[in-house]
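Only one structure is covered here, and it is reproduced in the block below.
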Amino acid sequence: METTAFQKIHTKVDHITKATCSLHADGVGYEEMATVNGRLAQVVKIQGDLVTLQIFSGTEGIPTNAEVVFLGHAPKLSVSDELSGRFFNAYGQPIDGGPEVDGNAVEIGGPSVNPVRRKQPSELIATGIAGIDLNNTLVTGQKIPFFADPDQPYNQVMAMVALRAKADKIILGGMGLTNDDYLFFKNIFENAGALDRIISFVNTTEDPPVERLLVPDMALSAAEYFASEKNQNVLVLLTDMTLYADALSIVSNRMDQIPSKDSMPGSLYSDLARLYEKAVQFPSGGSITIIAVTTLSGGDITHAIPDNTGYITEGQLFVRRDTDIGKVIIDPFRSLSRLKQLVIGKKTREDHPQVMNAAIRLYADAANAKTKLENGFDLTDYDERTMKFAKEYSEKLLAIDINIEIDAMLNTAWELLNNYFSVAEIGIKSELVEKYGKNKTQISQINTN
Amino acid sequence: MSTKGKVAGIIANLVIVEVDGPVSQNEICYIKMSDVKLMAEVIRIGGKNAYVQVFESTRGLKPGTEVEFTGHMLEATLGPGILSKNFDGLQHDLNKMEGIFLKKGDYTPALEDDKLWEFKPIAKKGDIVVPGSWLGEVEENWIPHKIMVPFKFEGTFTIKSITEQGEYKINDTIAVLIDSDNNEIPVSMVQKWPVKIPIKAYKEKPRPFVLMETGIRVIDSLNPIVEGGTGFIPGPFGTGKTVLQHALSKQADADMIIVAACGERANEVVEIFAEFPEIDDPRTGRKLMERTTIIANTSNMPVAAREASVYTAMTLAEYYRSMGLKVLLLADSTSRWAQALREMSNRMEELPGPDAFPMDLPAIISNFYARAGFVYLNNGKTGAVTFIGTVSPAGGNLKEPVSESTKKAARCFYALSQDRADSKRYPAIDAVDSYSKYIEYPEFQEFIKENISPDWIDNIMLAKNILIRGHEAYEQINILGDDGVPIDYHQIFWKSEVIDFVILQQDAFDKIDASTSIKRQQYMMNKVLDVYKANLKFETFEEVNPYFKRMINVFKQMNYSEFESEKFNKFEKELQEIINERVMIDD
Ligand SMILES: Nc1ncnc2c1ncn2[C@@H]1O[C@H](COP(=O)(O)OP(=O)(O)O)[C@@H](O)[C@H]1O
Ligand SMILES: [Mg+2]
């Protein structure tokens, strides 16, 4: 982003706020990039010839005679196969000591896919984690976040899912990543021998927060290149979107916009949807799947950030610690994969939907029994059975350290159902019980003994 | 001469235009960037400045860019060819756009200018006609699409000539009318109408009273909606708003379905694109897509067009209503439309109302819902626009402006409950909190008595009452413990669970269970009420739960079986045996 000879240099800045500066200039385009004393900035408002620039790294020390140069284009990223294996900052500049990427410079945050040109997602992503594959099955082209309190190992789970997902490319968009987590991702990708299919855009806690606003668009523009032009299956990891939203609120606040719920900008829904909707299954076979992280505060999903996210994404994976078994689980109540019905019972065994629902319903009964117990009441025989079932279910299926095939998950589920409940209590369609249920597993148990 | 202007300011998609002549509120203009024209709508005027909302991204737009005003508001194009189309929020045909990605300013026409339609005259020379009068018809899929006197005309006209049956293009003149001043006015098969103004080419709009069957038990059997009625579905994310709307769009007894995908996920419209051309419409045996039109302004499409999208959809619905058809309009989600209004209002620095929404939000919402309705047309025929919108309350809390305003405007309330969704009790409509105001209408009660059954309404009341009592019993059991309450409490709780599992819960993804005919609904309702009325005997409370679990399981097998099939009858017999085990014969 060097200045070229014909670019005019302005040297009179009129107003300076914490995040923006304004100056008089002609012929400037909306959302155009500029440099202010070398710092990158973007046009956010034009009134007559008064142009307001948002300076990504903040305005500290910017003088009224700062040198302002307009670059004539919106933020860009050079895309080519050379992106593979590289680490970049929020501006798409290499931070791994390697050379600049040689490629076609595309504007980030580009146009949307025409909905009639999308293909319906239909490829299952197997992760080996039953809390995901059995209860909240993922599909290529899906967008889904982990909802987790900051003390949960969400980045570890996400990295594990990414590496098992058989994607052609994994693109990491790190926002406000701690240096430790940044190194964690670097190591785990390196150890998995996967570095050549990984691309990272990273803003760490050491970088200015407003810079984060560029990270998802950078990651998604790279993803669009590989998915749309190279027909690859691309997995984009965005962590932590709560910090991204916080940066949005900083900006809108400094621009004196009226905040809505939880001091978030009124446009939060549109701002997040614009990014998440980049997830797509292209007709040519390429796809973009987005797995994100939205950290919660004390498990509160009614806060504007998780709330708006939930309205946009195709489900959410709620990570929490189950104190009964002392392990981290994917909570079956608050988690959801909205695309699961496209694959379960179709790409997986036909009993999958009903087995999944029956087990969760009984798990819910166990929660009621637990409340009863806590309130000091006697438990019925049924209550006792549900609670025993729940504990085993949590250990053998919900815990995130499970790594098995989906058929094995279904068999385990049947085994637990059979051990603790009668056919009527399980309440599954009779054909399926006959084919996979009670007698079936008993017979197979006899056979294997 | 049309008014021109120049861009003087840009704040996201709000653009300030300095104009050289008269402009009107809501007038459409085009901003002429070097390579494309961007469509925009005037939303405020102050002195020489028109504030316009641009239906596109304004990236790269520069001050000084020329703007051309059109002299008219945002209009829908009305004529044969609307059915089965996929439009964007401004009625541009999405299928005609080239390439995978949407291009700025790619405004494709809504209809086909050169397609031939077989026109059959209905009116004849010398007839006196008014706006909305039927001149003739063409067959559009299976719908007799009426060609009408344009709604924009005013007064009465005499038909000077009308063309003979034959093939015509939409812009061909099919009739010539004479107005009171003897002017000759040619009429074609296509007309335009400003979307923000209701089409009122009907004689009368009485209170609606005809049941609209949806096949969804918790609606038809407990909170029925009517043809020309209004309803809304609020619920936190993931509780089943969209699945419910899709079920309605597949099953509802309507001639035409308009789905307005308003600021929600693109994949949800893709689901319709993928499925509807394959699924049969049980009423006609043709494909569902043949009775469906989609207006897609998904969440990644321009925000300003979101508001327009619901108005475009409503205008198309009113157009087809004027043909004497029953139209069902679904909008998912009206909250996104309200949010689009909020974004604009904030950019214009208007004084905000609650939660930063515009002050006039309640009025905007109620005016919109008021456009639905059952009508008698001028020729005595009837038509209806039924409108059901979803609401996405922030944080799942219904005490927010969009939910509250909508509650005042809509007559049916289908509240989705997080608890029910969490325990997979789908559809997660809370049958007790939800209501249908129509069951209080005497004309509706009359209709039900005559056309369905005399005890339908009483059964609704009884079933709701059992659900309430079951819930109360459950709370008592929770407070006092299983053995701290009389056994009857367990029984009433489980009898309410029978209604819950058998009537309320319905598997939207099961071929048979997904849609239930009214006849079958009646049959099953009587069955569960029989169970309720039966005096069942239990020695201890421990017997109650396993007994009813068994019963519910058999009931569910019935729901999964073809009505009155051998399998169904077998399960029914089994059910009867279970009831007989414990029923006490009164003496
Ligand atoms: N009637 C139903 N039967 C079975 N599953 C349902 C039903 N309604 C909703 N679901 C489940 O809940 C998920 C979310 O539903 P959806 O309608 O998309 O929610 P919302 O629009 O309220 O956010 C669906 O993907 C599906 O898994
Ligand atoms: Mg929805």
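Simple scheme: letters A, B, ... for chains in structure tokens order, numbers from 1 for residues in each chain, numbers from 1 for ligands in the order shown.
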Chain B residues near chain A (8 Å cut-off, only C-alpha atoms) as a ChimeraX atom specification: /B:8-12,58-63,86,94-95,100-103,237-238,264-267,269-271,273-274,296,299-301,303,339,342-343,346-347,355-356,392,394-396,422-424,478,481-482,542,546,549-550,553,556-557,560
Residues from the last selection, C-alpha atoms, saved as a compact mmCIF listing (two decimals), in the first residue's frame:
```
# COMPACT_ATOMS: atom_id res chain seq x y z
CA ALA B 8 -23.70 15.70 -1.07
CA GLY B 9 -23.11 13.25 1.76
CA ILE B 10 -22.72 9.53 2.48
CA ILE B 11 -23.19 7.70 5.75
CA ALA B 12 -23.35 3.97 5.00
CA THR B 58 -22.50 2.56 -1.30
CA ARG B 59 -18.86 1.50 -1.39
CA GLY B 60 -16.89 3.71 -3.77
CA LEU B 61 -19.66 6.30 -4.13
CA LYS B 62 -18.31 9.87 -4.36
CA PRO B 63 -19.87 13.25 -3.58
CA ASN B 86 -37.99 -15.96 -6.86
CA LEU B 94 -33.24 -13.47 -8.98
CA ASN B 95 -33.12 -16.24 -11.55
CA ILE B 100 -22.97 -16.67 -8.70
CA PHE B 101 -22.62 -13.35 -6.88
CA LEU B 102 -25.18 -10.54 -6.77
CA LYS B 103 -23.99 -7.52 -8.69
CA PHE B 237 -33.84 -18.34 18.25
CA GLY B 238 -34.00 -22.05 17.64
CA GLU B 264 -33.03 -14.29 7.72
CA ARG B 265 -30.70 -17.07 6.53
CA ALA B 266 -30.18 -17.65 2.84
CA ASN B 267 -30.01 -21.42 3.38
CA VAL B 269 -34.81 -20.05 1.24
CA VAL B 270 -32.51 -22.51 -0.49
CA GLU B 271 -34.42 -25.22 1.33
CA PHE B 273 -35.89 -23.72 -3.71
CA ALA B 274 -34.70 -27.29 -3.31
CA ALA B 296 -35.97 -13.10 -0.71
CA SER B 299 -29.73 -11.11 5.92
CA ASN B 300 -26.73 -10.56 3.65
CA MET B 301 -28.77 -8.66 1.07
CA VAL B 303 -30.70 -3.74 4.46
CA GLN B 339 -34.40 -3.37 12.71
CA ARG B 342 -34.12 1.38 13.26
CA GLU B 343 -30.78 1.48 11.44
CA ASN B 346 -30.50 6.19 13.80
CA ARG B 347 -28.49 7.33 10.80
CA ASP B 355 -34.83 0.31 22.37
CA ALA B 356 -33.80 2.92 19.77
CA SER B 392 -37.53 -12.52 16.89
CA ALA B 394 -34.16 -9.69 21.59
CA GLY B 395 -33.02 -12.01 24.34
CA GLY B 396 -36.23 -14.00 23.91
CA ASP B 422 -35.25 -27.55 24.91
CA SER B 423 -37.14 -30.72 25.76
CA LYS B 424 -37.82 -31.29 22.03
CA ASN B 478 -43.16 -30.36 42.56
CA GLY B 481 -43.62 -34.24 46.42
CA ASP B 482 -44.99 -37.28 44.57
CA GLU B 542 -46.12 -45.14 41.10
CA PRO B 546 -45.66 -46.15 33.58
CA LYS B 549 -46.16 -43.74 29.21
CA ARG B 550 -47.41 -46.96 27.68
CA ASN B 553 -46.41 -44.62 23.20
CA LYS B 556 -47.76 -41.88 19.07
CA GLN B 557 -47.63 -45.01 16.95
CA TYR B 560 -47.15 -42.19 12.79
```
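Using only C-alpha atoms and all ligand atoms, the nearest neighbour of ligand 1 within the list A:Ala105, A:Ile250, A:Val215, A:Leu138 is A:Leu138.
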Find the residues near Ile199 of chain A: any atom within 10 Å, counting only C-alpha atoms, skip ones fewer than 2 places away on the same chain, and give them as a PDB file with all heavy atoms, in the first residue's frame.
```pdb
ATOM      1  N   GLU A  82      -0.425 -18.963  -3.004  1.00  0.00           N
ATOM      2  CA  GLU A  82       0.687 -18.626  -2.102  1.00  0.00           C
ATOM      3  C   GLU A  82       0.228 -18.313  -0.682  1.00  0.00           C
ATOM      4  O   GLU A  82       1.025 -18.229   0.232  1.00  0.00           O
ATOM      5  CB  GLU A  82       1.464 -17.417  -2.642  1.00  0.00           C
ATOM      6  CG  GLU A  82       2.281 -17.742  -3.858  1.00  0.00           C
ATOM      7  CD  GLU A  82       3.024 -16.506  -4.383  1.00  0.00           C
ATOM      8  OE1 GLU A  82       3.186 -15.543  -3.601  1.00  0.00           O
ATOM      9  OE2 GLU A  82       3.416 -16.513  -5.555  1.00  0.00           O
ATOM     10  N   LEU A  83      -1.099 -18.122  -0.483  1.00  0.00           N
ATOM     11  CA  LEU A  83      -1.605 -17.838   0.869  1.00  0.00           C
ATOM     12  C   LEU A  83      -1.394 -19.037   1.796  1.00  0.00           C
ATOM     13  O   LEU A  83      -1.234 -18.879   3.007  1.00  0.00           O
ATOM     14  CB  LEU A  83      -3.106 -17.514   0.814  1.00  0.00           C
ATOM     15  CG  LEU A  83      -3.522 -16.154   0.247  1.00  0.00           C
ATOM     16  CD1 LEU A  83      -5.028 -16.134  -0.007  1.00  0.00           C
ATOM     17  CD2 LEU A  83      -3.147 -15.024   1.208  1.00  0.00           C
ATOM     18  N   SER A  84      -1.383 -20.222   1.209  1.00  0.00           N
ATOM     19  CA  SER A  84      -1.320 -21.450   2.008  1.00  0.00           C
ATOM     20  C   SER A  84      -0.136 -21.459   2.961  1.00  0.00           C
ATOM     21  O   SER A  84       0.985 -21.136   2.579  1.00  0.00           O
ATOM     22  CB  SER A  84      -1.212 -22.670   1.083  1.00  0.00           C
ATOM     23  OG  SER A  84      -2.266 -22.641   0.168  1.00  0.00           O
ATOM     24  N   GLY A  85      -0.426 -21.830   4.199  1.00  0.00           N
ATOM     25  CA  GLY A  85       0.626 -21.986   5.192  1.00  0.00           C
ATOM     26  C   GLY A  85       1.138 -20.693   5.790  1.00  0.00           C
ATOM     27  O   GLY A  85       2.094 -20.705   6.559  1.00  0.00           O
ATOM     28  N   ARG A  86       0.490 -19.572   5.457  1.00  0.00           N
ATOM     29  CA  ARG A  86       1.042 -18.288   5.881  1.00  0.00           C
ATOM     30  C   ARG A  86       0.267 -17.668   7.039  1.00  0.00           C
ATOM     31  O   ARG A  86      -0.894 -17.953   7.255  1.00  0.00           O
ATOM     32  CB  ARG A  86       1.037 -17.321   4.685  1.00  0.00           C
ATOM     33  CG  ARG A  86       1.820 -17.796   3.465  1.00  0.00           C
ATOM     34  CD  ARG A  86       3.325 -17.803   3.721  1.00  0.00           C
ATOM     35  NE  ARG A  86       3.790 -16.533   4.241  1.00  0.00           N
ATOM     36  CZ  ARG A  86       4.117 -15.472   3.493  1.00  0.00           C
ATOM     37  NH1 ARG A  86       4.034 -15.539   2.177  1.00  0.00           N
ATOM     38  NH2 ARG A  86       4.545 -14.361   4.049  1.00  0.00           N
ATOM     39  N   PHE A  87       0.949 -16.793   7.755  1.00  0.00           N
ATOM     40  CA  PHE A  87       0.342 -16.035   8.852  1.00  0.00           C
ATOM     41  C   PHE A  87       0.347 -14.543   8.517  1.00  0.00           C
ATOM     42  O   PHE A  87       1.368 -14.005   8.100  1.00  0.00           O
ATOM     43  CB  PHE A  87       1.116 -16.266  10.151  1.00  0.00           C
ATOM     44  CG  PHE A  87       0.886 -17.634  10.736  1.00  0.00           C
ATOM     45  CD1 PHE A  87       1.567 -18.744  10.241  1.00  0.00           C
ATOM     46  CD2 PHE A  87      -0.025 -17.812  11.777  1.00  0.00           C
ATOM     47  CE1 PHE A  87       1.342 -20.003  10.774  1.00  0.00           C
ATOM     48  CE2 PHE A  87      -0.245 -19.066  12.317  1.00  0.00           C
ATOM     49  CZ  PHE A  87       0.440 -20.176  11.810  1.00  0.00           C
ATOM     50  N   PHE A  88      -0.824 -13.896   8.712  1.00  0.00           N
ATOM     51  CA  PHE A  88      -0.952 -12.472   8.383  1.00  0.00           C
ATOM     52  C   PHE A  88      -1.559 -11.706   9.541  1.00  0.00           C
ATOM     53  O   PHE A  88      -2.216 -12.278  10.408  1.00  0.00           O
ATOM     54  CB  PHE A  88      -1.869 -12.302   7.159  1.00  0.00           C
ATOM     55  CG  PHE A  88      -1.431 -13.076   5.958  1.00  0.00           C
ATOM     56  CD1 PHE A  88      -1.927 -14.355   5.714  1.00  0.00           C
ATOM     57  CD2 PHE A  88      -0.499 -12.539   5.072  1.00  0.00           C
ATOM     58  CE1 PHE A  88      -1.519 -15.085   4.607  1.00  0.00           C
ATOM     59  CE2 PHE A  88      -0.087 -13.265   3.959  1.00  0.00           C
ATOM     60  CZ  PHE A  88      -0.592 -14.534   3.727  1.00  0.00           C
ATOM     61  N   LYS A 169      -8.864 -26.563   3.108  1.00  0.00           N
ATOM     62  CA  LYS A 169      -8.162 -25.432   3.716  1.00  0.00           C
ATOM     63  C   LYS A 169      -8.816 -25.105   5.049  1.00  0.00           C
ATOM     64  O   LYS A 169     -10.041 -25.204   5.187  1.00  0.00           O
ATOM     65  CB  LYS A 169      -8.293 -24.174   2.824  1.00  0.00           C
ATOM     66  CG  LYS A 169      -7.468 -24.215   1.553  1.00  0.00           C
ATOM     67  CD  LYS A 169      -6.005 -23.894   1.804  1.00  0.00           C
ATOM     68  CE  LYS A 169      -5.173 -23.984   0.538  1.00  0.00           C
ATOM     69  NZ  LYS A 169      -5.336 -25.229  -0.257  1.00  0.00           N
ATOM     70  N   ILE A 170      -7.982 -24.712   5.991  1.00  0.00           N
ATOM     71  CA  ILE A 170      -8.504 -24.209   7.255  1.00  0.00           C
ATOM     72  C   ILE A 170      -8.010 -22.774   7.391  1.00  0.00           C
ATOM     73  O   ILE A 170      -6.799 -22.534   7.296  1.00  0.00           O
ATOM     74  CB  ILE A 170      -8.009 -25.049   8.450  1.00  0.00           C
ATOM     75  CG1 ILE A 170      -8.474 -26.500   8.308  1.00  0.00           C
ATOM     76  CG2 ILE A 170      -8.487 -24.447   9.767  1.00  0.00           C
ATOM     77  CD1 ILE A 170      -7.862 -27.443   9.329  1.00  0.00           C
ATOM     78  N   ILE A 171      -8.916 -21.831   7.533  1.00  0.00           N
ATOM     79  CA  ILE A 171      -8.509 -20.433   7.627  1.00  0.00           C
ATOM     80  C   ILE A 171      -8.869 -19.910   9.005  1.00  0.00           C
ATOM     81  O   ILE A 171     -10.040 -19.933   9.396  1.00  0.00           O
ATOM     82  CB  ILE A 171      -9.161 -19.592   6.522  1.00  0.00           C
ATOM     83  CG1 ILE A 171      -8.781 -20.192   5.156  1.00  0.00           C
ATOM     84  CG2 ILE A 171      -8.732 -18.125   6.634  1.00  0.00           C
ATOM     85  CD1 ILE A 171      -9.296 -19.431   3.972  1.00  0.00           C
ATOM     86  N   LEU A 172      -7.855 -19.499   9.729  1.00  0.00           N
ATOM     87  CA  LEU A 172      -8.077 -19.022  11.087  1.00  0.00           C
ATOM     88  C   LEU A 172      -8.173 -17.502  11.085  1.00  0.00           C
ATOM     89  O   LEU A 172      -7.277 -16.822  10.581  1.00  0.00           O
ATOM     90  CB  LEU A 172      -6.914 -19.475  11.982  1.00  0.00           C
ATOM     91  CG  LEU A 172      -6.915 -18.922  13.401  1.00  0.00           C
ATOM     92  CD1 LEU A 172      -8.061 -19.485  14.210  1.00  0.00           C
ATOM     93  CD2 LEU A 172      -5.580 -19.217  14.100  1.00  0.00           C
ATOM     94  N   GLY A 173      -9.262 -16.988  11.634  1.00  0.00           N
ATOM     95  CA  GLY A 173      -9.384 -15.549  11.861  1.00  0.00           C
ATOM     96  C   GLY A 173      -9.343 -15.326  13.357  1.00  0.00           C
ATOM     97  O   GLY A 173     -10.325 -15.615  14.049  1.00  0.00           O
ATOM     98  N   LEU A 195       0.149 -27.619   8.335  1.00  0.00           N
ATOM     99  CA  LEU A 195       0.419 -26.194   8.108  1.00  0.00           C
ATOM    100  C   LEU A 195       0.174 -25.740   6.673  1.00  0.00           C
ATOM    101  O   LEU A 195      -0.293 -24.639   6.431  1.00  0.00           O
ATOM    102  CB  LEU A 195       1.857 -25.861   8.500  1.00  0.00           C
ATOM    103  CG  LEU A 195       2.003 -25.141   9.838  1.00  0.00           C
ATOM    104  CD1 LEU A 195       3.409 -24.631  10.027  1.00  0.00           C
ATOM    105  CD2 LEU A 195       1.002 -23.994   9.962  1.00  0.00           C
ATOM    106  N   ASP A 196       0.446 -26.622   5.714  1.00  0.00           N
ATOM    107  CA  ASP A 196       0.326 -26.196   4.319  1.00  0.00           C
ATOM    108  C   ASP A 196      -1.121 -25.980   3.889  1.00  0.00           C
ATOM    109  O   ASP A 196      -1.389 -25.414   2.845  1.00  0.00           O
ATOM    110  CB  ASP A 196       0.994 -27.208   3.393  1.00  0.00           C
ATOM    111  CG  ASP A 196       0.391 -28.585   3.585  1.00  0.00           C
ATOM    112  OD1 ASP A 196      -0.031 -28.886   4.724  1.00  0.00           O
ATOM    113  OD2 ASP A 196       0.319 -29.350   2.601  1.00  0.00           O
ATOM    114  N   ARG A 197      -2.086 -26.477   4.688  1.00  0.00           N
ATOM    115  CA  ARG A 197      -3.465 -26.178   4.302  1.00  0.00           C
ATOM    116  C   ARG A 197      -4.101 -25.170   5.256  1.00  0.00           C
ATOM    117  O   ARG A 197      -5.314 -25.021   5.316  1.00  0.00           O
ATOM    118  CB  ARG A 197      -4.309 -27.444   4.165  1.00  0.00           C
ATOM    119  CG  ARG A 197      -4.295 -28.370   5.328  1.00  0.00           C
ATOM    120  CD  ARG A 197      -5.013 -29.689   4.980  1.00  0.00           C
ATOM    121  NE  ARG A 197      -5.048 -30.542   6.150  1.00  0.00           N
ATOM    122  CZ  ARG A 197      -6.119 -30.716   6.906  1.00  0.00           C
ATOM    123  NH1 ARG A 197      -7.253 -30.137   6.621  1.00  0.00           N
ATOM    124  NH2 ARG A 197      -6.060 -31.489   7.977  1.00  0.00           N
ATOM    125  N   PHE A 201      -5.125 -15.267   9.852  1.00  0.00           N
ATOM    126  CA  PHE A 201      -5.163 -13.806   9.978  1.00  0.00           C
ATOM    127  C   PHE A 201      -5.351 -13.529  11.457  1.00  0.00           C
ATOM    128  O   PHE A 201      -6.359 -13.937  12.033  1.00  0.00           O
ATOM    129  CB  PHE A 201      -6.324 -13.216   9.172  1.00  0.00           C
ATOM    130  CG  PHE A 201      -6.180 -13.448   7.696  1.00  0.00           C
ATOM    131  CD1 PHE A 201      -6.683 -14.609   7.112  1.00  0.00           C
ATOM    132  CD2 PHE A 201      -5.516 -12.528   6.893  1.00  0.00           C
ATOM    133  CE1 PHE A 201      -6.531 -14.841   5.758  1.00  0.00           C
ATOM    134  CE2 PHE A 201      -5.358 -12.758   5.534  1.00  0.00           C
ATOM    135  CZ  PHE A 201      -5.871 -13.920   4.961  1.00  0.00           C
ATOM    136  N   VAL A 202      -4.389 -12.886  12.051  1.00  0.00           N
ATOM    137  CA  VAL A 202      -4.396 -12.824  13.498  1.00  0.00           C
ATOM    138  C   VAL A 202      -4.267 -11.407  14.028  1.00  0.00           C
ATOM    139  O   VAL A 202      -3.404 -10.639  13.622  1.00  0.00           O
ATOM    140  CB  VAL A 202      -3.252 -13.691  14.070  1.00  0.00           C
ATOM    141  CG1 VAL A 202      -3.241 -13.609  15.586  1.00  0.00           C
ATOM    142  CG2 VAL A 202      -3.417 -15.139  13.623  1.00  0.00           C
ATOM    143  N   ALA A 219     -10.266 -13.165   6.289  1.00  0.00           N
ATOM    144  CA  ALA A 219     -10.343 -14.627   6.304  1.00  0.00           C
ATOM    145  C   ALA A 219     -11.369 -15.111   5.281  1.00  0.00           C
ATOM    146  O   ALA A 219     -11.139 -16.073   4.544  1.00  0.00           O
ATOM    147  CB  ALA A 219     -10.713 -15.111   7.705  1.00  0.00           C
ATOM    148  N   ALA A 222     -10.249 -14.737   1.603  1.00  0.00           N
ATOM    149  CA  ALA A 222      -9.341 -15.833   1.250  1.00  0.00           C
ATOM    150  C   ALA A 222     -10.158 -17.108   1.037  1.00  0.00           C
ATOM    151  O   ALA A 222      -9.930 -17.862   0.083  1.00  0.00           O
ATOM    152  CB  ALA A 222      -8.305 -16.031   2.357  1.00  0.00           C
ATOM    153  N   ALA A 223     -11.147 -17.318   1.909  1.00  0.00           N
ATOM    154  CA  ALA A 223     -11.987 -18.519   1.799  1.00  0.00           C
ATOM    155  C   ALA A 223     -12.745 -18.524   0.478  1.00  0.00           C
ATOM    156  O   ALA A 223     -12.836 -19.550  -0.204  1.00  0.00           O
ATOM    157  CB  ALA A 223     -12.963 -18.578   2.975  1.00  0.00           C
ATOM    158  N   VAL A 236     -13.574 -22.070   7.916  1.00  0.00           N
ATOM    159  CA  VAL A 236     -13.100 -20.813   8.488  1.00  0.00           C
ATOM    160  C   VAL A 236     -13.367 -20.831   9.987  1.00  0.00           C
ATOM    161  O   VAL A 236     -14.481 -21.112  10.421  1.00  0.00           O
ATOM    162  CB  VAL A 236     -13.821 -19.608   7.835  1.00  0.00           C
ATOM    163  CG1 VAL A 236     -13.380 -18.302   8.489  1.00  0.00           C
ATOM    164  CG2 VAL A 236     -13.535 -19.573   6.343  1.00  0.00           C
TER     165      VAL A 236
END
```
If you count only C-alpha atoms, which residues fall within 12 Å of Leu397 of chain A, apart from same-chain ones fewer than 6 positions away, as JSON, numbers by chain? {"A": [128, 129, 130, 131, 132, 133, 134, 135, 325, 327, 328, 329, 330, 331, 332, 356, 359, 360, 363, 389, 390, 391, 403, 404, 405, 406, 408, 409, 410, 411, 412, 413, 414, 415, 416]}
Write out as CSV a residue-level contact list of chain B versus ligand 2 with cut-off 12 Å: for each qualifying residue the closest pair of atoms and the distance in Å to one decimal, counting only C-alpha atoms and all ligand atoms, rows sorted by chain and residue number upward.
```
residue,atom,partner,partner_atom_place_in_ligand_line,distance
B:Ile233,CA,ligand 2,1 (Mg),10.4
B:Pro234,CA,ligand 2,1 (Mg),10.3
B:Gly235,CA,ligand 2,1 (Mg),9.1
B:Pro236,CA,ligand 2,1 (Mg),9.2
B:Phe237,CA,ligand 2,1 (Mg),6.7
B:Gly238,CA,ligand 2,1 (Mg),6.9
B:Thr239,CA,ligand 2,1 (Mg),8.2
B:Gly240,CA,ligand 2,1 (Mg),6.7
B:Lys241,CA,ligand 2,1 (Mg),5.2
B:Thr242,CA,ligand 2,1 (Mg),4.1
B:Val243,CA,ligand 2,1 (Mg),7.2
B:Leu244,CA,ligand 2,1 (Mg),9.0
B:Gln245,CA,ligand 2,1 (Mg),8.7
B:His246,CA,ligand 2,1 (Mg),9.8
B:Ala261,CA,ligand 2,1 (Mg),9.6
B:Cys262,CA,ligand 2,1 (Mg),10.2
B:Gly263,CA,ligand 2,1 (Mg),9.9
B:Glu264,CA,ligand 2,1 (Mg),6.8
B:Arg265,CA,ligand 2,1 (Mg),7.6
B:Ala266,CA,ligand 2,1 (Mg),10.7
B:Asn267,CA,ligand 2,1 (Mg),10.6
B:Glu268,CA,ligand 2,1 (Mg),8.0
B:Val269,CA,ligand 2,1 (Mg),10.7
B:Thr298,CA,ligand 2,1 (Mg),11.4
B:Ser299,CA,ligand 2,1 (Mg),11.5
B:Ala331,CA,ligand 2,1 (Mg),10.5
B:Asp332,CA,ligand 2,1 (Mg),6.8
B:Ser333,CA,ligand 2,1 (Mg),7.4
B:Thr334,CA,ligand 2,1 (Mg),11.0
B:Ser335,CA,ligand 2,1 (Mg),11.1
B:Arg336,CA,ligand 2,1 (Mg),11.1
B:Gly389,CA,ligand 2,1 (Mg),11.1
B:Thr390,CA,ligand 2,1 (Mg),8.1
B:Val391,CA,ligand 2,1 (Mg),9.3
B:Ser392,CA,ligand 2,1 (Mg),8.2
B:Pro393,CA,ligand 2,1 (Mg),11.7
B:Leu416,CA,ligand 2,1 (Mg),11.7
```
Hey, what's within 9 Å of segment 16-33 of chain B if we count only C-alpha atoms and toss same-chain stuff fewer than 4 positions away? As a PyMOL selection string, please? (chain A and resi 47) or (chain B and resi 2-11+37-45+47-54+60-62+64-74)
Residue with smallest distance to ligand 1 - pool A:Met175, A:Val343, A:Ile400, A:Leu235, counting only C-alpha atoms and all ligand atoms: A:Val343
Compile the contact shell of Asn465 of chain B as a list of chain:residue names: residues with an atom at most 12 Å away, counting only C-alpha atoms, same-chain residues fewer than 3 positions apart removed. B:Leu222, B:Ala431, B:Val432, B:Asp433, B:Asp458, B:Asn459, B:Ile460, B:Met461, B:Leu462, B:Ile468, B:Arg469, B:Gly470, B:His471, B:Glu472, B:Ile492, B:Phe493, B:Lys495, B:Ser496, B:Ile499, B:Leu529, B:Tyr532
